[in-house]
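Q: Next up is a structure, given as structure tokens.
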Amino acid sequence: MNPSYGVSLARMMQVVSKGIQTFIGPAHLQCCCCGEAKRISGWNPLGVCQTCLDGFPWITDVVCPICGRGEACPDCLRQEQRYLARNRSAVRYDEAMKELLARYKYRSDERLQQLMGRMLVHAYRLYPKTGGAGSPFDYISYVPVSSERYEERGFNQAEQMALVVAGQVNLPVVSLLARTRHTDKQSFKSRKERADNLQGAFAVIPGRAAKLQAHAKRRDLRILLVDDVYTTGSTLNQCALELRRELPAAQVYGLCWAR
């Protein structure tokens, strides 16, 4: 055999092999959580390495049927006026999840948008599994942010999550609510202070509810409202109150990334 022919053949096989690897997918993946390049093992819809995937504190066993918490919840027992039917969340809000949300929400790590939206699919699937909703939802909406928050961050994280999960579960996204005033951060407020802080902070966009109902041609709409974190439920409950003022027969459910 001509030696040059053997070299050419070997080179050709290298090119073919590299082409096949490119076609079927990269051998390694840069994890958007830890940033390390690790070998892919099987189908990975979240785009994270197995170590990070296994480390997520998924909520799998829903103990509180109202807020979707994985343990007994005294908050829901104390709540007197409830306009939100139910809530389900994907993960527990531990220190690692706080840091992940901070990277996305405050440090604009755009790589996390798809991850966090797709994680909501897990919360969505908890509804039929845990008796939270007996029939499919009609629309997905989201908690609005004030113009000040939007200018500060450049995006609404709840809206972005809603768009991603809607694409995954094949539901339309509708913008229903607006912030009527800027509110202080809820982080260090008590339950009562949170509720008082949100009084009158939301309103249904004029004409939007009537248009939605006319399009749906039914009164008992089932609306799924997306937010990033469920703490006491005050934000979702206030949003649900405003929606039900305009759509009395509607049922409003929550879908949050963390609880």
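Simple scheme: letters A, B, ... for chains in structure tokens order, numbers from 1 for residues in each chain, numbers from 1 for ligands in the order shown.
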Would you list the contacts of Val121 (chain A) as a PyMOL selection string, taking every protein, DNA or RNA residue within 12 Å and counting only C-alpha atoms, but skipping same-chain residues closer than 3 positions in sequence?
A: chain A and resi 45-46+58+88-91+114-118+124-127+161-171+226+255-257
Q: Considering only C-alpha atoms, return as a PyMOL selection string whatever protein or nucleic-acid residues lie within 9 Å of region 104-111 of chain A, sequence-local ones (same chain, fewer than 6 positions apart) excluded.
A: chain A and resi 32-33+152-157
Q: Taking the backbone alone, and naming residues the way the document does, which bits of region 70-170 of chain A are strand (DSSP E) by DSSP, as number ranges by chain?
A: A: 86-91, 139-142
Q: In Å, how far is it from CA of Asp220 (chain A) to CA of Gly254 (chain A)?
A: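 Atom-to-atom, CA of Asp220 (chain A) to CA of Gly254 (chain A), that is 16.4 Å.
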Q: Just checking: using only C-alpha atoms, which residue out of A:Tyr83, A:Tyr142, A:Tyr93, A:Tyr253 ends up closest to Leu224 (chain A)?
A: A:Tyr253
Q: List as number ranges by chain the protein and nucleic acid residues near region 62-74 of chain A, meaning an atom at most 9 Å away when only C-alpha atoms are counted, but skip any in the same chain fewer than 4 places from it.
A: A: 78-79, 84-89, 92, 126, 130-132, 230, 232-233, 254, 259
Q: For N, CA and C atoms, I'd like the residues from the last selection saved as a PDB file, in the first residue's frame.
A:
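Saved result, result_36.pdb, follows:
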ATOM      1  N   ARG A  78     -53.089  29.515  58.906  1.00  0.00           N
ATOM      2  CA  ARG A  78     -53.396  30.826  59.476  1.00  0.00           C
ATOM      3  C   ARG A  78     -54.040  31.778  58.462  1.00  0.00           C
ATOM      4  N   GLN A  79     -53.947  31.450  57.204  1.00  0.00           N
ATOM      5  CA  GLN A  79     -54.443  32.365  56.166  1.00  0.00           C
ATOM      6  C   GLN A  79     -55.966  32.393  56.155  1.00  0.00           C
ATOM      7  N   LEU A  84     -56.069  32.509  45.955  1.00  0.00           N
ATOM      8  CA  LEU A  84     -55.287  31.584  45.141  1.00  0.00           C
ATOM      9  C   LEU A  84     -55.712  30.166  45.489  1.00  0.00           C
ATOM     10  N   ALA A  85     -56.086  29.386  44.488  1.00  0.00           N
ATOM     11  CA  ALA A  85     -56.588  28.044  44.744  1.00  0.00           C
ATOM     12  C   ALA A  85     -55.501  27.121  45.302  1.00  0.00           C
ATOM     13  N   ARG A  86     -54.374  27.057  44.625  1.00  0.00           N
ATOM     14  CA  ARG A  86     -53.283  26.166  45.007  1.00  0.00           C
ATOM     15  C   ARG A  86     -51.971  26.728  44.467  1.00  0.00           C
ATOM     16  N   ASN A  87     -50.872  26.176  44.943  1.00  0.00           N
ATOM     17  CA  ASN A  87     -49.559  26.486  44.379  1.00  0.00           C
ATOM     18  C   ASN A  87     -48.721  25.220  44.363  1.00  0.00           C
ATOM     19  N   ARG A  88     -47.878  25.128  43.349  1.00  0.00           N
ATOM     20  CA  ARG A  88     -46.883  24.053  43.304  1.00  0.00           C
ATOM     21  C   ARG A  88     -45.539  24.674  42.936  1.00  0.00           C
ATOM     22  N   SER A  89     -44.485  24.176  43.556  1.00  0.00           N
ATOM     23  CA  SER A  89     -43.137  24.695  43.312  1.00  0.00           C
ATOM     24  C   SER A  89     -42.195  23.563  42.957  1.00  0.00           C
ATOM     25  N   ARG A  92     -37.036  23.355  46.860  1.00  0.00           N
ATOM     26  CA  ARG A  92     -36.987  24.054  48.138  1.00  0.00           C
ATOM     27  C   ARG A  92     -36.015  25.223  48.026  1.00  0.00           C
ATOM     28  N   LEU A 126     -46.546  18.330  39.079  1.00  0.00           N
ATOM     29  CA  LEU A 126     -46.992  17.959  40.427  1.00  0.00           C
ATOM     30  C   LEU A 126     -48.505  18.139  40.594  1.00  0.00           C
ATOM     31  N   THR A 130     -50.698  15.342  42.576  1.00  0.00           N
ATOM     32  CA  THR A 130     -50.986  15.627  43.985  1.00  0.00           C
ATOM     33  C   THR A 130     -52.385  16.204  44.210  1.00  0.00           C
ATOM     34  N   GLY A 131     -53.254  16.054  43.241  1.00  0.00           N
ATOM     35  CA  GLY A 131     -54.644  16.476  43.420  1.00  0.00           C
ATOM     36  C   GLY A 131     -54.850  17.964  43.442  1.00  0.00           C
ATOM     37  N   GLY A 132     -53.926  18.731  42.888  1.00  0.00           N
ATOM     38  CA  GLY A 132     -54.047  20.183  42.932  1.00  0.00           C
ATOM     39  C   GLY A 132     -55.001  20.756  41.912  1.00  0.00           C
ATOM     40  N   TYR A 230     -42.152  31.417  46.291  1.00  0.00           N
ATOM     41  CA  TYR A 230     -43.331  31.473  47.156  1.00  0.00           C
ATOM     42  C   TYR A 230     -42.825  31.457  48.593  1.00  0.00           C
ATOM     43  N   THR A 232     -44.673  33.505  51.714  1.00  0.00           N
ATOM     44  CA  THR A 232     -45.928  33.404  52.477  1.00  0.00           C
ATOM     45  C   THR A 232     -47.129  33.298  51.536  1.00  0.00           C
ATOM     46  N   GLY A 233     -46.911  33.550  50.265  1.00  0.00           N
ATOM     47  CA  GLY A 233     -48.018  33.504  49.306  1.00  0.00           C
ATOM     48  C   GLY A 233     -48.748  34.819  49.156  1.00  0.00           C
ATOM     49  N   GLY A 254     -51.012  28.896  41.348  1.00  0.00           N
ATOM     50  CA  GLY A 254     -49.645  29.388  41.335  1.00  0.00           C
ATOM     51  C   GLY A 254     -48.662  28.347  40.825  1.00  0.00           C
ATOM     52  N   ARG A 259     -39.958  27.161  46.794  1.00  0.00           N
ATOM     53  CA  ARG A 259     -40.846  27.317  47.961  1.00  0.00           C
ATOM     54  C   ARG A 259     -40.012  27.192  49.220  1.00  0.00           C
TER      55      ARG A 259
END
Q: Would you mind telling me which residue in A:Gln238, A:Val252, A:Leu247, A:Gly55 lies nearest to Ala214 (chain A) when using only C-alpha atoms?
A: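 Result for the nearest residue to Ala214 (chain A): A:Leu247.
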